[in-house]
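Q: One file is attached below, my_file.txt, containing compact mmCIF, C-alpha atoms.
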```
# COMPACT_ATOMS: atom_id res chain seq x y z
CA MET B 1 21.02 11.67 -10.27
CA GLN B 2 17.65 10.92 -11.82
CA ARG B 3 16.97 7.34 -12.85
CA CYS B 4 16.23 8.45 -16.40
CA LEU B 5 15.40 11.51 -18.46
CA TYR B 6 11.80 12.37 -19.15
CA THR B 7 10.00 14.88 -21.31
CA ALA B 8 8.62 18.06 -19.81
CA ILE B 9 5.03 17.36 -20.80
CA ILE B 10 3.28 14.16 -21.83
CA LEU B 11 0.49 14.10 -24.38
CA LEU B 12 -2.10 12.16 -22.43
CA VAL B 13 -4.21 9.57 -24.20
CA LEU B 14 -6.57 6.78 -23.30
CA PRO B 15 -5.06 3.42 -22.22
CA PHE B 16 -2.79 1.73 -24.72
CA ALA B 17 -4.55 -0.93 -26.79
CA VAL B 18 -2.32 -3.78 -25.66
CA SER B 19 -3.91 -7.17 -25.14
CA ALA B 20 -3.24 -9.53 -22.25
CA GLN B 21 -0.08 -11.62 -22.51
CA THR B 22 1.41 -14.88 -21.27
CA ILE B 23 4.47 -15.29 -19.04
CA THR B 24 6.12 -18.69 -19.34
CA GLY B 25 9.39 -20.08 -18.08
CA LYS B 26 11.34 -22.69 -16.21
CA VAL B 27 12.65 -22.70 -12.65
CA VAL B 28 15.84 -24.69 -11.97
CA SER B 29 18.23 -25.22 -9.08
CA ALA B 30 21.40 -23.20 -9.71
CA PRO B 31 23.84 -25.94 -8.62
CA SER B 32 22.27 -28.89 -10.45
CA LYS B 33 20.37 -27.14 -13.27
CA THR B 34 17.46 -29.54 -12.65
CA GLY B 35 13.87 -28.33 -12.58
CA VAL B 36 12.35 -27.31 -9.24
CA ALA B 37 8.85 -28.70 -8.76
CA LYS B 38 5.99 -27.17 -6.75
CA ALA B 39 7.61 -23.74 -6.50
CA SER B 40 5.14 -20.85 -6.09
CA VAL B 41 5.37 -18.46 -9.04
CA PHE B 42 3.23 -15.34 -8.83
CA LEU B 43 2.98 -11.65 -9.64
CA ASN B 44 3.19 -9.60 -6.50
CA ASN B 45 -0.09 -7.97 -5.38
CA ALA B 46 -1.97 -9.48 -8.31
CA THR B 47 -4.26 -12.44 -9.05
CA PHE B 48 -1.80 -14.33 -11.23
CA GLY B 49 -0.09 -17.27 -9.57
CA THR B 50 0.72 -20.92 -10.14
CA ALA B 51 3.03 -23.77 -9.07
CA THR B 52 5.78 -25.19 -11.24
CA GLU B 53 5.36 -28.60 -12.86
CA ASP B 54 7.60 -31.55 -12.04
CA ASP B 55 10.15 -30.34 -14.61
CA GLY B 56 10.09 -26.76 -13.25
CA THR B 57 8.06 -25.19 -16.06
CA PHE B 58 5.22 -22.71 -15.45
CA SER B 59 2.76 -20.49 -17.29
CA LEU B 60 0.84 -17.38 -16.25
CA ARG B 61 -1.85 -16.56 -18.83
CA GLY B 62 -4.03 -13.51 -19.42
CA VAL B 63 -1.73 -11.01 -17.70
CA LYS B 64 -2.82 -7.43 -18.37
CA PRO B 65 -0.18 -4.85 -19.41
CA GLY B 66 1.89 -3.20 -16.71
CA GLN B 67 5.04 -3.58 -14.64
CA TYR B 68 5.06 -6.38 -12.05
CA ASP B 69 7.38 -8.04 -9.58
CA LEU B 70 7.50 -11.73 -10.44
CA ILE B 71 8.20 -13.81 -7.33
CA VAL B 72 9.37 -17.42 -7.02
CA SER B 73 9.23 -18.95 -3.55
CA VAL B 74 9.88 -22.51 -2.40
CA ILE B 75 11.20 -24.06 0.79
CA GLY B 76 14.95 -24.64 0.73
CA PHE B 77 15.78 -21.84 -1.74
CA GLU B 78 16.28 -18.10 -1.54
CA GLU B 79 13.32 -16.09 -2.78
CA TYR B 80 13.68 -14.95 -6.39
CA THR B 81 12.26 -11.66 -7.66
CA GLN B 82 12.39 -10.03 -11.07
CA LYS B 83 10.64 -7.02 -12.55
CA VAL B 84 8.73 -7.83 -15.73
CA GLN B 85 7.20 -5.29 -18.09
CA VAL B 86 4.17 -6.86 -19.74
CA GLY B 87 3.58 -5.23 -23.12
CA SER B 88 2.81 -6.34 -26.63
CA THR B 89 4.78 -9.59 -26.72
CA PRO B 90 4.81 -12.78 -24.60
CA ILE B 91 7.59 -13.23 -22.02
CA ASN B 92 9.69 -16.34 -21.47
CA LEU B 93 12.00 -16.60 -18.43
CA ASN B 94 14.76 -18.93 -17.31
CA ILE B 95 15.06 -18.73 -13.53
CA SER B 96 17.82 -20.18 -11.35
CA LEU B 97 17.25 -20.53 -7.62
CA THR B 98 20.01 -20.38 -5.03
CA PRO B 99 19.83 -22.88 -2.14
CA LYS B 100 19.11 -21.17 1.16
CA VAL B 101 21.66 -21.32 3.94
CA MET B 102 19.61 -22.36 6.95
CA MET B 103 20.24 -20.21 10.01
CA MET B 104 18.88 -20.55 13.51
CA ARG B 105 16.31 -17.88 14.33
CA GLU B 106 16.66 -16.09 17.65
CA VAL B 107 14.48 -17.83 20.22
CA ILE B 108 12.05 -15.45 21.93
CA ILE B 109 10.20 -16.78 24.95
CA SER B 110 6.91 -15.08 25.80
CA SER B 111 3.69 -16.06 27.51
CA ASN B 112 0.59 -17.01 25.55
CA ALA B 113 -1.11 -13.89 26.92
CA ASP B 114 1.70 -11.71 25.54
CA TRP B 115 1.47 -13.40 22.14
CA LYS B 116 -2.29 -12.88 21.98
CA LYS B 117 -1.89 -9.22 22.94
CA ASN B 118 0.77 -8.72 20.26
CA PHE B 119 -1.35 -10.55 17.70
CA GLU B 120 -4.39 -8.34 18.37
CA GLN B 121 -2.24 -5.24 17.87
CA PHE B 122 -0.79 -6.72 14.67
CA LYS B 123 -4.26 -7.49 13.28
CA LYS B 124 -5.47 -3.96 13.98
CA GLU B 125 -2.48 -2.30 12.35
CA PHE B 126 -1.93 -4.69 9.44
CA ILE B 127 -5.49 -5.59 8.46
CA GLY B 128 -7.06 -2.31 9.61
CA THR B 129 -10.14 -1.17 11.50
CA THR B 130 -12.51 -0.41 8.62
CA GLU B 131 -15.85 -2.13 8.19
CA ASN B 132 -14.22 -4.64 5.83
CA ALA B 133 -11.73 -5.62 8.54
CA LYS B 134 -14.58 -7.12 10.58
CA TYR B 135 -14.97 -9.77 7.87
CA CYS B 136 -11.31 -10.76 7.67
CA ARG B 137 -9.82 -13.86 9.30
CA ILE B 138 -6.23 -15.06 9.47
CA ASP B 139 -6.21 -18.84 9.00
CA ASN B 140 -2.71 -19.58 10.27
CA PRO B 141 -1.77 -16.92 12.86
CA ARG B 142 0.76 -19.09 14.66
CA ILE B 143 3.25 -18.88 11.79
CA LEU B 144 3.78 -15.23 12.74
CA ASN B 145 7.04 -14.36 14.42
CA LEU B 146 6.01 -11.59 16.85
CA MET B 147 8.28 -9.57 19.11
CA TYR B 148 7.40 -6.54 21.25
CA THR B 149 10.11 -4.38 22.84
CA ARG B 150 8.71 -2.37 25.74
CA LYS B 151 11.60 0.08 25.96
CA THR B 152 11.14 1.27 22.38
CA GLN B 153 7.41 0.44 22.18
CA MET B 154 8.14 -1.41 18.96
CA LEU B 155 6.16 -4.36 17.62
CA GLU B 156 7.91 -6.42 14.95
CA ALA B 157 6.48 -9.27 12.87
CA SER B 158 7.56 -11.54 10.01
CA THR B 159 6.74 -14.92 8.46
CA ASP B 160 8.75 -17.70 6.85
CA GLU B 161 5.77 -18.90 4.78
CA PHE B 162 2.49 -17.53 3.45
CA LEU B 163 0.22 -15.85 5.99
CA VAL B 164 -3.27 -16.69 4.71
CA MET B 165 -6.14 -14.25 5.21
CA GLU B 166 -9.75 -14.84 4.17
CA ASN B 167 -11.41 -11.54 3.27
CA GLU B 168 -15.15 -12.27 3.25
CA ALA B 169 -15.90 -8.59 2.60
CA LEU B 170 -14.12 -8.45 -0.78
CA GLY B 171 -14.15 -12.17 -1.63
CA TYR B 172 -10.40 -12.76 -1.67
CA ARG B 173 -8.02 -15.22 -0.09
CA VAL B 174 -4.81 -13.23 0.34
CA LYS B 175 -1.54 -15.10 0.76
CA PHE B 176 1.09 -12.79 2.20
CA LEU B 177 4.81 -13.42 2.61
CA LEU B 178 5.55 -10.89 5.33
CA LYS B 179 9.22 -9.95 5.17
CA GLU B 180 9.04 -7.30 7.85
CA PHE B 181 6.48 -5.35 9.84
CA THR B 182 7.22 -2.65 12.41
CA SER B 183 4.85 -0.55 14.47
CA SER B 184 6.38 2.22 16.56
CA GLY B 185 4.44 3.50 19.55
CA LEU B 186 6.90 6.40 19.85
CA THR B 187 6.45 7.81 16.36
CA ASN B 188 2.98 6.40 15.56
CA THR B 189 4.30 4.99 12.29
CA ILE B 190 3.68 1.59 10.68
CA THR B 191 5.85 0.11 7.94
CA TYR B 192 5.74 -3.28 6.29
CA ALA B 193 7.14 -5.09 3.27
CA GLY B 194 6.23 -8.39 1.68
CA ARG B 195 4.67 -10.25 -1.23
CA ALA B 196 0.98 -10.92 -1.81
CA LEU B 197 -1.05 -13.24 -4.02
CA PHE B 198 -4.82 -12.77 -4.39
CA GLU B 199 -7.19 -15.67 -5.06
CA ASP B 200 -10.95 -15.43 -5.57
CA LEU B 201 -13.00 -17.14 -2.87
CA PRO B 202 -15.68 -19.59 -4.04
CA GLY B 203 -19.22 -18.27 -3.70
CA THR B 204 -22.72 -18.15 -5.09
CA ALA B 205 -23.71 -15.76 -7.86
CA ALA B 206 -25.30 -13.49 -5.26
CA GLN B 207 -22.14 -13.49 -3.12
CA LYS B 208 -19.95 -12.72 -6.12
CA GLN B 209 -22.17 -9.79 -7.07
CA LYS B 210 -21.97 -8.42 -3.53
CA TRP B 211 -18.17 -8.84 -3.54
CA LYS B 212 -17.96 -7.00 -6.85
CA GLU B 213 -19.88 -4.08 -5.40
CA LYS B 214 -17.62 -3.97 -2.33
CA ARG B 215 -14.52 -4.17 -4.51
CA ASP B 216 -15.74 -1.26 -6.60
CA GLU B 217 -16.42 0.70 -3.43
CA ALA B 218 -12.85 0.07 -2.26
CA TYR B 219 -11.43 0.99 -5.68
CA TYR B 220 -13.19 4.28 -6.37
CA GLY B 221 -11.32 7.16 -4.75
CA SER B 222 -8.28 4.98 -3.95
CA ALA B 223 -4.68 5.87 -4.79
CA ARG B 224 -4.74 3.34 -7.65
CA HIS B 225 -7.90 4.95 -9.09
CA PHE B 226 -6.16 8.34 -8.86
CA TYR B 227 -2.98 7.26 -10.67
CA ARG B 228 -4.97 5.60 -13.45
CA SER B 229 -7.15 8.70 -13.85
CA LEU B 230 -4.03 10.86 -13.93
CA TYR B 231 -2.29 9.21 -16.88
CA LYS B 232 -5.60 8.89 -18.77
CA ASN B 233 -6.18 12.65 -18.30
CA ARG B 234 -9.56 11.93 -16.66
CA LEU B 235 -9.13 13.54 -13.25
CA THR B 236 -12.23 15.72 -13.44
CA GLN B 237 -14.41 13.04 -15.05
CA GLU B 238 -13.40 10.49 -12.40
CA GLY B 239 -14.04 12.94 -9.53
CA PHE B 240 -10.53 14.10 -8.55
CA MET B 241 -9.32 17.64 -7.88
CA ILE B 242 -5.63 18.28 -7.18
CA TYR B 243 -3.96 21.35 -5.71
CA ASP B 244 -0.47 22.57 -4.97
CA PHE B 245 -0.23 22.54 -1.17
CA ASN B 246 2.24 24.45 0.99
CA ARG B 247 2.83 24.04 4.72
CA ALA B 248 5.54 24.10 7.37
CA ILE B 249 6.11 22.11 10.57
CA ASP B 250 5.08 24.05 13.69
CA PRO B 251 8.37 24.84 15.49
CA ASN B 252 6.52 25.13 18.82
CA ARG B 253 5.39 21.49 18.75
CA PRO B 254 7.92 18.96 20.13
CA PRO B 255 8.93 16.02 17.91
CA GLU B 256 6.35 13.21 17.77
CA ALA B 257 8.73 10.63 19.29
CA LEU B 258 9.38 12.87 22.30
CA ILE B 259 5.65 13.44 22.89
CA ARG B 260 4.94 9.69 22.79
CA LYS B 261 7.84 9.00 25.17
CA LYS B 262 6.74 11.62 27.70
CA LEU B 263 3.09 10.56 27.61
CA LYS B 264 4.11 7.01 28.45
CA ALA B 265 6.61 8.06 31.13
CA PHE B 266 4.17 10.28 33.05
CA GLN B 267 1.09 8.09 32.67
CA MET B 268 -0.39 7.35 36.12
CA VAL B 269 2.56 9.15 37.76
CA ASN B 270 2.41 12.93 37.43
CA ARG B 271 -0.93 14.52 36.61
CA ASP B 272 0.47 17.98 35.83
CA SER B 273 3.16 16.60 33.54
CA ILE B 274 0.78 14.31 31.67
CA ARG B 275 -1.62 17.24 31.18
CA TYR B 276 1.23 19.35 29.77
CA TRP B 277 2.25 16.68 27.25
CA MET B 278 -1.36 15.99 26.29
CA GLN B 279 -1.65 19.66 25.40
CA LYS B 280 1.48 19.37 23.29
CA ASP B 281 0.03 16.29 21.59
CA ALA B 282 -3.15 18.22 20.76
CA MET B 283 -1.18 20.95 18.99
CA PRO B 284 -1.40 20.87 15.18
CA LYS B 285 1.70 19.43 13.55
CA TRP B 286 1.62 21.95 10.72
CA TYR B 287 1.12 25.71 10.36
CA LYS B 288 1.05 28.27 7.54
CA GLU B 289 -0.95 25.81 5.44
CA ARG B 290 -2.16 27.11 2.08
CA LEU B 291 -3.78 25.68 -1.04
CA THR B 292 -2.92 27.33 -4.35
CA LYS B 293 -5.94 27.76 -6.60
CA PRO B 294 -7.13 27.10 -9.24
CA ALA B 295 -6.79 23.33 -9.27
CA LEU B 296 -3.88 21.75 -11.12
CA THR B 297 -4.30 19.63 -14.23
CA ALA B 298 -2.60 16.36 -15.14
CA TYR B 299 -0.29 18.31 -17.47
CA ASP B 300 1.08 20.22 -14.45
CA VAL B 301 2.31 17.17 -12.52
CA LEU B 302 2.73 14.30 -15.00
CA ARG B 303 5.82 13.44 -17.04
CA LYS B 304 6.72 10.53 -19.33
CA PRO B 305 10.03 8.70 -18.86
CA LYS B 306 11.71 6.72 -21.62
CA GLU B 307 10.63 3.35 -20.21
CA GLU B 308 7.58 1.82 -21.88
CA GLY B 309 4.45 1.74 -19.73
CA LEU B 310 5.76 4.00 -16.94
CA PHE B 311 4.74 7.49 -15.83
CA VAL B 312 6.19 10.08 -13.47
CA LEU B 313 4.37 12.17 -10.87
CA THR B 314 6.31 15.23 -9.72
CA PHE B 315 5.46 18.48 -7.91
CA PRO B 316 7.42 21.05 -5.86
CA ASN B 317 5.66 21.10 -2.47
CA PHE B 318 2.85 18.73 -1.39
CA LEU B 319 -0.05 17.48 -3.51
CA TYR B 320 -3.57 17.87 -2.09
CA VAL B 321 -5.96 15.32 -3.63
CA VAL B 322 -9.73 15.64 -3.24
CA TYR B 323 -12.17 12.94 -4.32
CA THR B 324 -15.53 14.64 -4.85
CA LYS B 325 -17.70 11.50 -5.11
CA LYS B 326 -17.35 10.39 -1.48
CA HIS B 327 -17.50 12.12 1.89
CA GLU B 328 -14.94 11.46 4.61
CA THR B 329 -16.22 9.70 7.74
CA GLU B 330 -13.10 10.06 9.87
CA ASP B 331 -11.67 13.18 11.50
CA PHE B 332 -7.94 13.52 10.77
CA LYS B 333 -6.44 15.86 13.35
CA ASP B 334 -3.51 17.05 11.25
CA LEU B 335 -5.25 17.22 7.88
CA TYR B 336 -5.84 20.77 6.63
CA ARG B 337 -9.26 21.46 5.19
CA PRO B 338 -10.32 24.91 3.89
CA LEU B 339 -13.47 26.27 5.52
CA ASP B 340 -15.19 26.64 2.15
CA MET B 341 -14.47 23.04 1.08
CA GLU B 342 -17.08 20.31 1.46
CA ASN B 343 -16.09 17.29 3.59
CA PHE B 344 -14.93 15.18 0.63
CA GLU B 345 -12.39 12.39 0.95
CA THR B 346 -9.00 14.09 0.96
CA SER B 347 -5.41 12.86 0.87
CA VAL B 348 -2.02 14.58 0.92
CA ILE B 349 0.95 13.15 -1.00
CA THR B 350 4.47 13.80 0.28
CA LEU B 351 7.43 12.90 -1.94
CA PHE B 352 10.73 11.67 -0.47
CA THR B 353 12.42 11.88 -3.88
CA PRO B 354 11.97 14.37 -6.74
CA ALA B 355 9.46 12.10 -8.48
CA VAL B 356 7.35 8.96 -8.17
CA TYR B 357 7.23 6.34 -10.92
CA PHE B 358 4.02 4.37 -11.52
CA ASP B 359 2.75 1.98 -14.19
CA LEU B 360 -0.34 1.34 -16.31
CA ASN B 361 -2.03 -0.45 -13.39
CA GLY B 362 -1.70 2.66 -11.21
CA THR B 363 0.94 0.99 -9.03
CA VAL B 364 3.91 2.90 -7.65
CA VAL B 365 6.99 0.95 -8.74
CA ALA B 366 9.74 2.86 -6.88
CA ASP B 367 10.23 5.46 -4.15
CA SER B 368 6.81 5.16 -2.53
CA PRO B 369 5.43 8.48 -1.22
CA LEU B 370 3.77 9.15 2.13
CA TYR B 371 -0.03 9.30 2.17
CA GLU B 372 -1.99 11.27 4.77
CA GLY B 373 -5.74 11.52 5.17
CA THR B 374 -8.12 9.10 3.45
CA TRP B 375 -5.44 6.98 1.77
CA SER B 376 -3.64 6.43 5.08
CA LYS B 377 -6.57 4.21 6.17
CA SER B 378 -5.85 1.68 3.43
CA LYS B 379 -4.75 -1.57 5.07
CA LEU B 380 -4.93 -5.20 3.93
CA ALA B 381 -8.71 -5.41 4.50
CA ASN B 382 -9.27 -2.83 1.73
CA LEU B 383 -6.41 -3.86 -0.54
CA LEU B 384 -7.24 -4.87 -4.13
CA PRO B 385 -4.95 -6.69 -6.57
CA VAL B 386 -3.06 -4.43 -8.96
CA ASP B 387 -4.84 -5.93 -11.97
CA TYR B 388 -8.33 -5.15 -10.63
CA GLU B 389 -10.71 -3.38 -12.98
CA PRO B 390 -14.00 -1.80 -11.76
CA SER B 391 -17.33 -2.96 -13.12
CA ASP B 392 -18.24 0.17 -15.07
CA PRO B 393 -15.51 2.83 -15.04
CA ILE B 394 -17.52 5.14 -17.31
CA LYS B 395 -20.58 5.10 -15.07
CA ASN B 396 -18.62 6.08 -11.94
```
Please render this file's structure as structure tokens.
A:
Amino acid sequence: MQRCLYTAIILLVLPFAVSAQTITGKVVSAPSKTGVAKASVFLNNATFGTATEDDGTFSLRGVKPGQYDLIVSVIGFEEYTQKVQVGSTPINLNISLTPKVMMMREVIISSNADWKKNFEQFKKEFIGTTENAKYCRIDNPRILNLMYTRKTQMLEASTDEFLVMENEALGYRVKFLLKEFTSSGLTNTITYAGRALFEDLPGTAAQKQKWKEKRDEAYYGSARHFYRSLYKNRLTQEGFMIYDFNRAIDPNRPPEALIRKKLKAFQMVNRDSIRYWMQKDAMPKWYKERLTKPALTAYDVLRKPKEEGLFVLTFPNFLYVVYTKKHETEDFKDLYRPLDMENFETSVITLFTPAVYFDLNGTVVADSPLYEGTWSKSKLANLLPVDYEPSDPIKN
């Protein structure tokens, strides 16, 4: 059953004229009802964060409209999370924290060489390999809980406190509470979940200007830029073209997990077998791929649910998104590209549910889709806070 009803077509307008608001509240211990001091209170993936006062009170000022996950984290208590919809009126919250039942973590003994190897893989897959990644540094790597299972080729990671990364490319200090991270060598998939708080790094006027330019570069053409352009009905003006995309999995290509398993099993053992599975790996994953022209409009894929400040993206097959203001620099083996199409940045959106909900900030708030192509490269090194606004959106 759908989460809510929504109208067939939304009349698209420019952003709502809602000013920034304040979120205030008090954090107390559930058993004693006394205020909890020095608790971290922040909006996930945004630049708004603070610590509670001695009596447990807090205030987050200047929050731009949109839906956020408000997080409260402090040692000795279970993490608290609550969705808040910032609109036309201030928000006041009363938050009770539940004491955490301390449990012994499984002890994993590994050599320092193994830990370093696992950490290098984690950095590559969590931070990324883009140019910006070269200017990122993790300040406290040893708080990472890392475990690699050879049989399943699975790397797992988590933290009990903030993992702090200095991003000198974009000028942010990112504090990340990593709940889970998995990287599968069998399926070539990476998944992670956690909470992030962005803080501006100190710098000279020249540094700040350079960071602003790099942030704009990361923003334009991103998924967040696309979602914002979609609900504003500015796809063409902002450089996006979208198409209905149809394709089917090639039945002659073995499953990805089987290919990865066989390649590992026959490596350095059987030359004929490894050659056979390398050929299978080189086969395209998809066939019968077709774009339907002309391009779709925002009216074709956007709906408006009843909830204030939310939008719905829905389409029957796959959505092919082209950003015409940048050219792609990476060759994606399984990404379809028509012969008559210029090498623009291109992404494919796959839905796992009938629709995707997103807010005024261009942030998906439930049922995240799968991104292929350009957007699949987005890792922590290129991540911007949800409240980021480009320097000159009209000039872009």
Q: Name all residues at most 7 Å from Ser73 (chain B) (count all atoms listed in the file; drop same-chain ones fewer than 5 positions away) and give them as a compact mmCIF listing (two decimals) with C-alpha atoms, in the frame of the given file.
A:
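Result file out12.txt:
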```txt
# COMPACT_ATOMS: atom_id res chain seq x y z
CA ALA B 39 7.61 -23.74 -6.50
CA SER B 40 5.14 -20.85 -6.09
CA VAL B 41 5.37 -18.46 -9.04
CA GLU B 79 13.32 -16.09 -2.78
CA TYR B 80 13.68 -14.95 -6.39
```
Q: Under the rule of at most 12 Å, produce a per-residue listing of region 138-234 of chain B near region 345-367 of chain B: chain, number, name, the closest pair of atoms, and the distance in Å, as a tab-separated table, using only C-alpha atoms.
A:
```
residue	atom	partner	partner_atom	distance
B:Tyr219	CA	B:Gly362	CA	11.3
B:Tyr220	CA	B:Glu345	CA	11.0
B:Gly221	CA	B:Glu345	CA	7.8
B:Ser222	CA	B:Ser347	CA	9.7
B:Ala223	CA	B:Gly362	CA	7.8
B:Arg224	CA	B:Gly362	CA	4.7
B:His225	CA	B:Gly362	CA	6.9
B:Phe226	CA	B:Gly362	CA	7.6
B:Tyr227	CA	B:Gly362	CA	4.8
B:Arg228	CA	B:Gly362	CA	4.9
B:Ser229	CA	B:Gly362	CA	8.6
B:Leu230	CA	B:Gly362	CA	8.9
B:Tyr231	CA	B:Leu360	CA	8.1
B:Lys232	CA	B:Leu360	CA	9.5
```
Q: If we count only C-alpha atoms and set the cut-off at 8 Å, which residues sit around region 93-96 of chain B, ignoring sequence neighbours fewer than 2 positions away in its own chain? Please answer as a PyMOL selection string.
A: chain B and resi 23-30+33+91+98
Q: Compile the contact shell of Leu170 (chain B) as a PyMOL selection string: residues with an atom at most 12 Å away, counting only C-alpha atoms, same-chain residues fewer than 4 positions apart removed.
A: chain B and resi 131-136+165-166+174+198-203+207-219+380-385+388
Q: Measure the distance from CA of Thr314 (chain B) to CA of Asn246 (chain B) in Å and round it to one decimal.
A: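 Separation of CA of Thr314 (chain B) and CA of Asn246 (chain B): 14.7 Å.
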